[in-house]
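J.: The following file, data38.txt, comprises compact mmCIF, C-alpha atoms:
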```txt
# COMPACT_ATOMS: atom_id res chain seq x y z
CA MET A 1 6.03 -22.40 -22.61
CA ALA A 2 3.02 -24.30 -21.27
CA ARG A 3 2.34 -27.80 -19.98
CA VAL A 4 -0.63 -28.99 -22.02
CA LEU A 5 -2.93 -31.98 -21.60
CA VAL A 6 -4.71 -33.00 -24.81
CA VAL A 7 -7.86 -35.09 -24.20
CA GLU A 8 -8.86 -36.46 -27.62
CA ASP A 9 -9.84 -39.96 -28.73
CA ASP A 10 -9.43 -39.39 -32.49
CA GLN A 11 -5.88 -40.55 -33.13
CA PHE A 12 -5.43 -38.41 -36.24
CA VAL A 13 -6.56 -35.20 -34.51
CA ARG A 14 -4.62 -36.13 -31.39
CA SER A 15 -1.37 -36.66 -33.31
CA ALA A 16 -1.79 -33.39 -35.19
CA LEU A 17 -2.36 -31.45 -31.95
CA ILE A 18 0.62 -33.09 -30.25
CA ARG A 19 2.86 -32.30 -33.23
CA HIS A 20 1.74 -28.68 -33.47
CA LEU A 21 1.99 -27.99 -29.74
CA SER A 22 5.38 -29.69 -29.46
CA GLU A 23 6.71 -27.67 -32.39
CA ALA A 24 5.60 -24.55 -30.49
CA SER A 25 7.83 -25.71 -27.59
CA HIS A 26 4.98 -26.74 -25.29
CA THR A 27 5.27 -29.84 -23.09
CA VAL A 28 2.43 -32.12 -24.16
CA ARG A 29 0.78 -35.17 -22.62
CA SER A 30 -2.24 -36.80 -24.21
CA VAL A 31 -4.99 -39.22 -23.26
CA GLY A 32 -8.02 -40.62 -25.05
CA THR A 33 -10.60 -40.94 -22.28
CA ALA A 34 -12.17 -38.81 -19.56
CA LEU A 35 -11.04 -41.09 -16.75
CA GLU A 36 -7.43 -40.95 -17.97
CA ALA A 37 -7.72 -37.16 -18.04
CA LEU A 38 -8.92 -37.06 -14.43
CA ARG A 39 -6.01 -39.26 -13.35
CA GLU A 40 -3.55 -37.03 -15.20
CA VAL A 41 -4.73 -33.74 -13.70
CA ALA A 42 -4.75 -35.31 -10.24
CA HIS A 43 -1.04 -36.17 -10.48
CA VAL A 44 0.48 -33.69 -12.96
CA GLY A 45 0.43 -29.88 -12.87
CA PHE A 46 -0.85 -28.58 -16.22
CA ASP A 47 -1.19 -25.02 -17.45
CA VAL A 48 -4.08 -25.76 -19.82
CA VAL A 49 -6.30 -28.66 -20.88
CA ILE A 50 -7.70 -29.08 -24.40
CA LEU A 51 -10.83 -31.19 -23.95
CA ASP A 52 -12.72 -32.96 -26.73
CA LEU A 53 -16.40 -33.54 -25.95
CA GLY A 54 -16.88 -36.76 -27.95
CA LEU A 55 -15.03 -39.12 -25.64
CA PRO A 56 -15.70 -42.89 -25.64
CA ASP A 57 -16.20 -43.41 -21.90
CA LEU A 58 -17.91 -40.22 -20.75
CA ASP A 59 -19.42 -37.21 -22.44
CA GLY A 60 -16.96 -34.35 -22.40
CA SER A 61 -19.43 -32.01 -20.70
CA GLU A 62 -19.63 -34.41 -17.76
CA ALA A 63 -15.84 -34.74 -17.82
CA LEU A 64 -15.63 -30.93 -17.61
CA LYS A 65 -17.73 -30.88 -14.45
CA MET A 66 -15.58 -33.60 -12.91
CA LEU A 67 -12.39 -31.73 -13.84
CA ARG A 68 -13.74 -28.61 -12.19
CA GLY A 69 -14.26 -30.65 -9.04
CA VAL A 70 -10.53 -31.36 -8.70
CA THR A 71 -8.71 -28.49 -10.45
CA GLN A 72 -9.02 -24.89 -11.63
CA VAL A 73 -6.64 -25.41 -14.57
CA PRO A 74 -7.92 -23.52 -17.64
CA VAL A 75 -9.92 -25.75 -19.99
CA ILE A 76 -10.45 -25.09 -23.68
CA VAL A 77 -13.29 -27.23 -25.02
CA ALA A 78 -12.90 -28.54 -28.58
CA THR A 79 -16.31 -29.43 -29.95
CA ALA A 80 -18.15 -30.09 -33.18
CA ARG A 81 -21.29 -28.75 -31.50
CA ASP A 82 -22.00 -25.15 -32.47
CA ASP A 83 -25.39 -24.82 -30.78
CA GLU A 84 -25.50 -21.55 -28.81
CA ALA A 85 -27.33 -23.05 -25.83
CA GLU A 86 -24.76 -25.84 -25.64
CA ILE A 87 -21.85 -23.41 -25.72
CA VAL A 88 -23.41 -21.24 -23.01
CA ARG A 89 -23.91 -24.35 -20.87
CA LEU A 90 -20.25 -25.35 -21.31
CA LEU A 91 -19.07 -21.90 -20.25
CA ASN A 92 -21.44 -22.04 -17.29
CA ASP A 93 -20.03 -25.45 -16.33
CA GLY A 94 -16.52 -24.05 -16.12
CA ALA A 95 -14.97 -24.00 -19.60
CA ASP A 96 -12.56 -21.09 -20.05
CA ASP A 97 -12.97 -21.02 -23.81
CA TYR A 98 -14.18 -23.16 -26.69
CA LEU A 99 -13.28 -23.96 -30.29
CA VAL A 100 -15.71 -25.36 -32.85
CA LYS A 101 -14.23 -28.08 -35.05
CA PRO A 102 -12.68 -27.93 -37.53
CA PHE A 103 -10.30 -25.21 -36.38
CA SER A 104 -6.86 -24.11 -37.53
CA VAL A 105 -3.71 -24.51 -35.46
CA GLU A 106 -3.32 -20.73 -35.59
CA HIS A 107 -6.76 -20.29 -34.03
CA LEU A 108 -5.91 -22.80 -31.31
CA SER A 109 -2.62 -21.02 -30.61
CA ALA A 110 -4.35 -17.65 -30.26
CA ARG A 111 -7.00 -19.02 -27.89
CA MET A 112 -4.38 -20.85 -25.81
CA ALA A 113 -2.25 -17.72 -25.52
CA ALA A 114 -5.26 -15.68 -24.38
CA VAL A 115 -6.33 -18.25 -21.79
CA LEU A 116 -2.79 -18.53 -20.42
CA ARG A 117 -2.43 -14.73 -20.17
CA ARG A 118 -5.67 -14.52 -18.21
CA ALA A 119 -4.67 -17.36 -15.89
CA ARG A 120 -1.21 -15.92 -15.24
CA GLY A 121 -2.63 -12.43 -14.76
CA ALA A 122 -5.11 -13.77 -12.19
CA ALA A 123 -2.34 -15.55 -10.30
CA ALA A 124 -0.32 -12.32 -10.23
CA GLY A 125 -2.99 -10.56 -8.15
CA PRO A 126 -2.44 -6.81 -8.59
CA GLY A 127 -1.24 -7.41 -12.14
CA ALA A 128 -4.60 -8.84 -13.17
CA PRO A 129 -7.06 -6.68 -15.14
CA GLY A 130 -8.10 -3.81 -12.92
CA GLY A 131 -5.66 -5.00 -10.26
CA GLU A 132 -4.42 -2.38 -7.84
CA ASP A 133 -3.44 -2.54 -4.19
CA ARG A 134 -6.64 -0.87 -3.00
CA VAL A 135 -10.32 -1.60 -2.52
CA ILE A 136 -12.55 -0.12 -5.20
CA ARG A 137 -15.93 1.07 -3.92
CA VAL A 138 -18.89 1.84 -6.14
CA GLY A 139 -22.10 2.32 -4.20
CA GLY A 140 -22.54 -0.74 -2.00
CA LEU A 141 -20.06 -2.71 -4.12
CA ALA A 142 -16.52 -3.27 -2.80
CA VAL A 143 -13.89 -4.90 -5.04
CA ASP A 144 -10.49 -5.90 -3.66
CA PRO A 145 -8.18 -6.66 -6.62
CA LEU A 146 -5.28 -7.74 -4.39
CA ARG A 147 -7.28 -10.43 -2.58
CA ARG A 148 -9.54 -11.01 -5.60
CA GLN A 149 -12.65 -10.64 -3.47
CA ALA A 150 -15.84 -8.66 -4.02
CA GLU A 151 -18.70 -7.80 -1.68
CA LEU A 152 -22.13 -6.31 -2.26
CA ASP A 153 -23.65 -4.54 0.76
CA GLY A 154 -21.27 -6.49 3.01
CA ARG A 155 -22.11 -9.87 1.45
CA ARG A 156 -19.29 -11.82 -0.24
CA LEU A 157 -19.91 -12.51 -3.93
CA ASP A 158 -19.04 -15.96 -5.25
CA LEU A 159 -17.42 -15.09 -8.59
CA THR A 160 -15.50 -17.11 -11.13
CA ARG A 161 -12.09 -15.86 -12.23
CA ARG A 162 -13.39 -14.16 -15.34
CA GLU A 163 -16.46 -12.76 -13.63
CA PHE A 164 -14.16 -11.12 -11.10
CA ASP A 165 -11.83 -9.77 -13.81
CA LEU A 166 -14.77 -8.27 -15.68
CA LEU A 167 -16.27 -6.74 -12.54
CA ALA A 168 -12.92 -5.32 -11.37
CA PHE A 169 -12.18 -3.81 -14.77
CA LEU A 170 -15.56 -2.06 -14.95
CA ALA A 171 -15.50 -1.02 -11.27
CA GLY A 172 -12.14 0.64 -11.84
CA ARG A 173 -13.86 2.89 -14.42
CA PRO A 174 -17.17 3.82 -12.72
CA GLY A 175 -19.58 5.65 -14.97
CA VAL A 176 -17.37 5.15 -18.04
CA VAL A 177 -18.89 3.38 -21.05
CA VAL A 178 -16.37 0.69 -22.00
CA PRO A 179 -16.60 -0.53 -25.61
CA ARG A 180 -16.98 -4.28 -26.08
CA ARG A 181 -13.79 -4.35 -28.14
CA GLU A 182 -11.90 -2.92 -25.16
CA LEU A 183 -13.43 -5.53 -22.83
CA LEU A 184 -12.28 -8.30 -25.16
CA ALA A 185 -8.78 -6.83 -25.33
CA GLU A 186 -8.32 -6.05 -21.64
CA VAL A 187 -10.32 -8.75 -19.83
CA TRP A 188 -10.18 -11.61 -22.32
CA GLN A 189 -6.85 -10.59 -23.87
CA GLN A 190 -8.31 -11.09 -27.36
CA SER A 191 -8.18 -8.69 -30.27
CA TYR A 192 -11.26 -10.32 -31.78
CA GLY A 193 -14.09 -12.46 -30.52
CA ASP A 194 -17.81 -13.07 -30.14
CA ASP A 195 -20.07 -10.66 -28.22
CA GLN A 196 -21.82 -13.75 -26.87
CA THR A 197 -18.96 -14.38 -24.45
CA ILE A 198 -19.33 -10.90 -22.95
CA ASP A 199 -23.11 -11.19 -22.81
CA VAL A 200 -22.93 -14.53 -20.99
CA HIS A 201 -20.57 -13.20 -18.31
CA LEU A 202 -22.58 -9.99 -17.91
CA SER A 203 -25.69 -12.12 -17.40
CA TRP A 204 -23.96 -14.16 -14.69
CA LEU A 205 -22.68 -11.00 -12.99
CA ARG A 206 -26.11 -9.40 -13.03
CA ARG A 207 -27.60 -12.48 -11.41
CA LYS A 208 -25.02 -12.35 -8.62
CA LEU A 209 -25.56 -8.61 -8.18
CA GLY A 210 -29.30 -9.21 -7.84
CA GLU A 211 -30.32 -7.41 -11.00
CA THR A 212 -31.43 -8.09 -14.57
CA ALA A 213 -30.77 -6.53 -17.96
CA ALA A 214 -34.34 -5.20 -17.92
CA SER A 215 -33.92 -3.71 -14.43
CA PRO A 216 -30.22 -2.85 -14.04
CA ARG A 217 -28.76 -1.33 -10.88
CA TYR A 218 -24.98 -1.42 -11.39
CA LEU A 219 -24.40 -2.86 -14.87
CA HIS A 220 -25.80 -0.88 -17.79
CA THR A 221 -25.54 -1.91 -21.44
CA LEU A 222 -25.71 0.80 -24.08
CA ARG A 223 -26.73 -1.00 -27.25
CA GLY A 224 -24.15 -0.66 -29.97
CA VAL A 225 -21.80 1.29 -27.70
CA GLY A 226 -20.61 -0.68 -24.68
CA VAL A 227 -21.05 -1.38 -20.98
CA LYS A 228 -20.70 0.76 -17.88
CA LEU A 229 -20.82 0.14 -14.14
CA GLU A 230 -22.08 2.89 -11.86
CA PRO A 231 -23.74 3.13 -8.43
CA PRO A 232 -27.51 2.68 -8.28
CA GLN A 233 -29.45 5.89 -8.62
CA GLU A 234 -30.45 5.91 -4.96
CA THR A 235 -26.81 5.79 -3.79
CA ALA A 236 -25.28 8.06 -6.41
CA ARG A 237 -23.77 11.34 -5.24
CA PRO A 238 -23.85 14.62 -7.14
```
Represent the structure of the file as structure tokens.
T.:
Amino acid sequence: MARVLVVEDDQFVRSALIRHLSEASHTVRSVGTALEALREVAHVGFDVVILDLGLPDLDGSEALKMLRGVTQVPVIVATARDDEAEIVRLLNDGADDYLVKPFSVEHLSARMAAVLRRARGAAAGPGAPGGEDRVIRVGGLAVDPLRRQAELDGRRLDLTRREFDLLAFLAGRPGVVVPRRELLAEVWQQSYGDDQTIDVHLSWLRRKLGETAASPRYLHTLRGVGVKLEPPQETARP
């Protein structure tokens, strides 16, 4: 089971989360402020953090940035804000997932399980999505699943954990159109989800690969079908 830090100032919600997570055999610690959360993660090893955004001392989005400065522990943001731009910003700032309040304990459990599977798969190296003990080469792109490193034309790419998992999974199937449902299942370890999450990560990957959705080189989206990665036309071989 997991070691969970709950960061929530609403005592009713906090108690309910602690009770549910404890009943599921998780080890739970809880705090009500951002500064307490930072102290906790600095001294205790957690597997996942559930972070409320409406904290009394510091906005949760700022707390997220500060957490990312000291730890790579997976963070699930719990928010009443359902604005798309806000959610994209939170993911860009380092959130691993998000839940819009109110949410059910079953929904929380499913999201936690998915985040923990991804984190443990990443730590396992070759066992991560697309992980094999070899370098995958597609055009000028080189992906090393064992070392979790990727290069484009000899230049190291600075990728987040999920960006790397997505790139490695697609690179391991060059030229194959991968349905979005399969990406959710294999990369995000979710049987259901929002296409927005995939689109956000594809957008970040394209930026780091030096391309855009309007002018793709490696990443191609087939509307209503899926996504494929293939070498640019000028480097493709018959």
J.: Mind giving me the straight-line distance from CA of Pro56 (chain A) to CA of Thr33 (chain A) in Å, one decimal?
T.: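 It comes out at 6.4 Å.
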J.: A:Gly32, A:Pro74, A:Gly69, A:Gly154: which is nearest Val48 (chain A), counting only C-alpha atoms?
T.: A:Pro74
J.: Would you pick out the contacts of region 16-27 of chain A at 6 Å or less, using only C-alpha atoms, so that residues sharing its chain but fewer than 5 positions from it are not included, and give the list as an MDAnalysis selection string?
T.: chainID A and resid 1:3
J.: Could you build a table of the residues in region 45-137 of chain A lying no more than 8 Å from region 180-189 of chain A, giving for each the nearest pair of atoms and their separation in Å rounded to one decimal place, using all atoms listed in the file, ordered by chain and ascending residue number, as JSON lines?
T.:
```
{"residue": "A:Ala114", "atom": "CA", "partner": "A:Gln189", "partner_atom": "CA", "distance": 5.4}
{"residue": "A:Val115", "atom": "CA", "partner": "A:Trp188", "partner_atom": "CA", "distance": 7.7}
{"residue": "A:Arg117", "atom": "CA", "partner": "A:Gln189", "partner_atom": "CA", "distance": 7.1}
{"residue": "A:Arg118", "atom": "CA", "partner": "A:Trp188", "partner_atom": "CA", "distance": 6.8}
{"residue": "A:Pro129", "atom": "CA", "partner": "A:Val187", "partner_atom": "CA", "distance": 6.1}
```
J.: Using all atoms listed in the file, which protein or nucleic acid residues come within 10 Å of Val178 (chain A)? Drop anything in the same chain fewer than 2 positions from it, and give the result as a list of chain:residue names.
T.: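 What passes the distance filter is A:Phe169, A:Leu170, A:Arg173, A:Pro174, A:Gly175, A:Val176, A:Arg180, A:Arg181, A:Glu182, A:Leu183, A:Thr221, A:Leu222, A:Val225, A:Gly226, A:Val227, A:Lys228, A:Leu229.
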J.: Which is closer to Val138 (chain A) than all the others in A:Leu67, A:Val75, A:Gln233, A:Gly60, using all atoms listed in the file?
T.: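 Residue with the minimum atom-to-atom distance to Val138 (chain A): A:Gln233.
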J.: Between CA of Glu211 (chain A) and CA of Ala85 (chain A), what is the spacing in Å?
T.: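 If I compute the distance from CA of Ala85 (chain A) to CA of Glu211 (chain A), I get 21.8 Å.
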J.: Of the residues A:Leu38, A:Ala213, A:Leu159, A:Leu146, which is the one nearest to Gly94 (chain A), using all atoms listed in the file?
T.: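 That would be A:Leu159, the residue with the smallest distance to Gly94 (chain A).
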J.: For a test of reading the model, state the distance in Å between CA of Leu58 (chain A) and CA of Phe46 (chain A), rounded to one decimal.
T.: 21.1 Å
J.: Compare A:Glu163, A:Glu86, A:Asp47, A:Asp158 by their minimum atom-to-atom distance to Ile198 (chain A), counting all atoms listed in the file, and give me the closest one.
T.: A:Glu163
J.: Neighbouring residues of Val100 (chain A) were defined as those with any atom within 9 Å, considering only C-alpha atoms; residues of the same chain fewer than 6 positions away were excluded. Please report them as a list in words.
T.: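 Skipping anything fewer than 6 positions along the chain leaves Val77, Ala78, Thr79, Ala80, Arg81 and Asp82 of chain A.
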J.: A:Asp195, A:Asp9, A:Glu230, A:Glu84: which is nearest Ala171 (chain A), counting only C-alpha atoms?
T.: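 Closest to Ala171 (chain A), using only C-alpha atoms: A:Glu230.
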J.: Using only C-alpha atoms, which of A:Leu157, A:Leu209, A:His201, A:Gly139 sits nearest Pro232 (chain A)?
T.: A:Gly139
J.: Select all residues near (-6.7, -42.4, -22.2) (cut-off 10 Å, inclusive, file coordinates), counting only C-alpha atoms, and output them as a PyMOL selection string.
T.: chain A and resi 6-9+30-40+55-57
J.: Selected residues, C-alpha atoms, written as a PDB file, in the coordinates of the input, please.
T.:
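Printed below is out01.pdb as written:
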```
ATOM      1  CA  VAL A   6      -4.710 -33.000 -24.810  1.00  0.00           C
ATOM      2  CA  VAL A   7      -7.860 -35.090 -24.200  1.00  0.00           C
ATOM      3  CA  GLU A   8      -8.860 -36.460 -27.620  1.00  0.00           C
ATOM      4  CA  ASP A   9      -9.840 -39.960 -28.730  1.00  0.00           C
ATOM      5  CA  SER A  30      -2.240 -36.800 -24.210  1.00  0.00           C
ATOM      6  CA  VAL A  31      -4.990 -39.220 -23.260  1.00  0.00           C
ATOM      7  CA  GLY A  32      -8.020 -40.620 -25.050  1.00  0.00           C
ATOM      8  CA  THR A  33     -10.600 -40.940 -22.280  1.00  0.00           C
ATOM      9  CA  ALA A  34     -12.170 -38.810 -19.560  1.00  0.00           C
ATOM     10  CA  LEU A  35     -11.040 -41.090 -16.750  1.00  0.00           C
ATOM     11  CA  GLU A  36      -7.430 -40.950 -17.970  1.00  0.00           C
ATOM     12  CA  ALA A  37      -7.720 -37.160 -18.040  1.00  0.00           C
ATOM     13  CA  LEU A  38      -8.920 -37.060 -14.430  1.00  0.00           C
ATOM     14  CA  ARG A  39      -6.010 -39.260 -13.350  1.00  0.00           C
ATOM     15  CA  GLU A  40      -3.550 -37.030 -15.200  1.00  0.00           C
ATOM     16  CA  LEU A  55     -15.030 -39.120 -25.640  1.00  0.00           C
ATOM     17  CA  PRO A  56     -15.700 -42.890 -25.640  1.00  0.00           C
ATOM     18  CA  ASP A  57     -16.200 -43.410 -21.900  1.00  0.00           C
TER      19      ASP A  57
END
```
J.: Complete region 98-109 of chain A with all heavy atoms (output as an mmCIF file, keeping the file's coordinate frame).
T.:
```
data_model
loop_
_atom_site.group_PDB
_atom_site.id
_atom_site.type_symbol
_atom_site.label_atom_id
_atom_site.label_comp_id
_atom_site.auth_asym_id
_atom_site.auth_seq_id
_atom_site.Cartn_x
_atom_site.Cartn_y
_atom_site.Cartn_z
ATOM 1 N N TYR A 98 -13.750 -22.032 -25.859
ATOM 2 C CA TYR A 98 -14.180 -23.160 -26.690
ATOM 3 C C TYR A 98 -13.749 -22.912 -28.131
ATOM 4 O O TYR A 98 -13.566 -21.774 -28.570
ATOM 5 C CB TYR A 98 -15.695 -23.351 -26.620
ATOM 6 C CG TYR A 98 -16.473 -22.209 -27.240
ATOM 7 C CD1 TYR A 98 -16.850 -22.237 -28.581
ATOM 8 C CD2 TYR A 98 -16.803 -21.086 -26.492
ATOM 9 C CE1 TYR A 98 -17.525 -21.179 -29.149
ATOM 10 C CE2 TYR A 98 -17.484 -20.023 -27.045
ATOM 11 C CZ TYR A 98 -17.847 -20.079 -28.385
ATOM 12 O OH TYR A 98 -18.516 -19.024 -28.950
ATOM 13 N N LEU A 99 -13.579 -24.001 -28.867
ATOM 14 C CA LEU A 99 -13.280 -23.960 -30.290
ATOM 15 C C LEU A 99 -14.218 -24.928 -30.988
ATOM 16 O O LEU A 99 -14.401 -26.060 -30.528
ATOM 17 C CB LEU A 99 -11.829 -24.375 -30.555
ATOM 18 C CG LEU A 99 -10.740 -23.366 -30.210
ATOM 19 C CD1 LEU A 99 -9.374 -24.046 -30.245
ATOM 20 C CD2 LEU A 99 -10.766 -22.206 -31.202
ATOM 21 N N VAL A 100 -14.826 -24.490 -32.079
ATOM 22 C CA VAL A 100 -15.710 -25.360 -32.850
ATOM 23 C C VAL A 100 -14.912 -26.011 -33.962
ATOM 24 O O VAL A 100 -14.239 -25.342 -34.741
ATOM 25 C CB VAL A 100 -16.899 -24.559 -33.424
ATOM 26 C CG1 VAL A 100 -17.767 -25.459 -34.300
ATOM 27 C CG2 VAL A 100 -17.733 -23.956 -32.301
ATOM 28 N N LYS A 101 -14.945 -27.338 -34.011
ATOM 29 C CA LYS A 101 -14.230 -28.080 -35.050
ATOM 30 C C LYS A 101 -14.931 -27.917 -36.392
ATOM 31 O O LYS A 101 -16.163 -27.834 -36.439
ATOM 32 C CB LYS A 101 -14.199 -29.571 -34.687
ATOM 33 C CG LYS A 101 -13.400 -29.900 -33.444
ATOM 34 C CD LYS A 101 -13.458 -31.404 -33.177
ATOM 35 C CE LYS A 101 -12.622 -31.798 -31.978
ATOM 36 N NZ LYS A 101 -12.704 -33.248 -31.709
ATOM 37 N N PRO A 102 -14.158 -27.909 -37.504
ATOM 38 C CA PRO A 102 -12.680 -27.930 -37.530
ATOM 39 C C PRO A 102 -12.118 -26.541 -37.268
ATOM 40 O O PRO A 102 -12.741 -25.533 -37.599
ATOM 41 C CB PRO A 102 -12.392 -28.369 -38.965
ATOM 42 C CG PRO A 102 -13.544 -27.843 -39.758
ATOM 43 C CD PRO A 102 -14.746 -27.916 -38.852
ATOM 44 N N PHE A 103 -10.940 -26.487 -36.644
ATOM 45 C CA PHE A 103 -10.300 -25.210 -36.380
ATOM 46 C C PHE A 103 -8.838 -25.301 -36.820
ATOM 47 O O PHE A 103 -8.261 -26.381 -36.906
ATOM 48 C CB PHE A 103 -10.386 -24.829 -34.901
ATOM 49 C CG PHE A 103 -9.920 -25.912 -33.960
ATOM 50 C CD1 PHE A 103 -8.574 -26.102 -33.690
ATOM 51 C CD2 PHE A 103 -10.833 -26.734 -33.331
ATOM 52 C CE1 PHE A 103 -8.140 -27.089 -32.827
ATOM 53 C CE2 PHE A 103 -10.423 -27.724 -32.456
ATOM 54 C CZ PHE A 103 -9.071 -27.907 -32.211
ATOM 55 N N SER A 104 -8.257 -24.141 -37.088
ATOM 56 C CA SER A 104 -6.860 -24.110 -37.530
ATOM 57 C C SER A 104 -5.930 -24.114 -36.327
ATOM 58 O O SER A 104 -6.320 -23.743 -35.207
ATOM 59 C CB SER A 104 -6.610 -22.841 -38.358
ATOM 60 O OG SER A 104 -6.707 -21.680 -37.545
ATOM 61 N N VAL A 105 -4.695 -24.519 -36.541
ATOM 62 C CA VAL A 105 -3.710 -24.510 -35.460
ATOM 63 C C VAL A 105 -3.427 -23.076 -35.017
ATOM 64 O O VAL A 105 -3.135 -22.825 -33.845
ATOM 65 C CB VAL A 105 -2.413 -25.228 -35.879
ATOM 66 C CG1 VAL A 105 -2.677 -26.707 -36.069
ATOM 67 C CG2 VAL A 105 -1.818 -24.624 -37.134
ATOM 68 N N GLU A 106 -3.543 -22.129 -35.947
ATOM 69 C CA GLU A 106 -3.320 -20.730 -35.590
ATOM 70 C C GLU A 106 -4.411 -20.233 -34.634
ATOM 71 O O GLU A 106 -4.142 -19.505 -33.680
ATOM 72 C CB GLU A 106 -3.304 -19.849 -36.851
ATOM 73 C CG GLU A 106 -2.098 -20.064 -37.749
ATOM 74 C CD GLU A 106 -2.228 -21.306 -38.620
ATOM 75 O OE1 GLU A 106 -3.357 -21.849 -38.716
ATOM 76 O OE2 GLU A 106 -1.215 -21.728 -39.197
ATOM 77 N N HIS A 107 -5.645 -20.667 -34.902
ATOM 78 C CA HIS A 107 -6.760 -20.290 -34.030
ATOM 79 C C HIS A 107 -6.563 -20.891 -32.644
ATOM 80 O O HIS A 107 -6.760 -20.221 -31.623
ATOM 81 C CB HIS A 107 -8.076 -20.766 -34.647
ATOM 82 C CG HIS A 107 -9.282 -20.128 -34.048
ATOM 83 N ND1 HIS A 107 -10.555 -20.319 -34.525
ATOM 84 C CD2 HIS A 107 -9.417 -19.286 -32.981
ATOM 85 C CE1 HIS A 107 -11.412 -19.638 -33.795
ATOM 86 N NE2 HIS A 107 -10.752 -19.000 -32.854
ATOM 87 N N LEU A 108 -6.173 -22.146 -32.594
ATOM 88 C CA LEU A 108 -5.910 -22.800 -31.310
ATOM 89 C C LEU A 108 -4.805 -22.062 -30.554
ATOM 90 O O LEU A 108 -4.924 -21.814 -29.346
ATOM 91 C CB LEU A 108 -5.512 -24.254 -31.522
ATOM 92 C CG LEU A 108 -5.010 -25.000 -30.275
ATOM 93 C CD1 LEU A 108 -6.089 -25.058 -29.210
ATOM 94 C CD2 LEU A 108 -4.540 -26.405 -30.652
ATOM 95 N N SER A 109 -3.732 -21.713 -31.249
ATOM 96 C CA SER A 109 -2.620 -21.020 -30.610
ATOM 97 C C SER A 109 -3.056 -19.697 -30.003
ATOM 98 O O SER A 109 -2.662 -19.335 -28.889
ATOM 99 C CB SER A 109 -1.485 -20.790 -31.615
ATOM 100 O OG SER A 109 -0.912 -22.007 -32.012
#
```
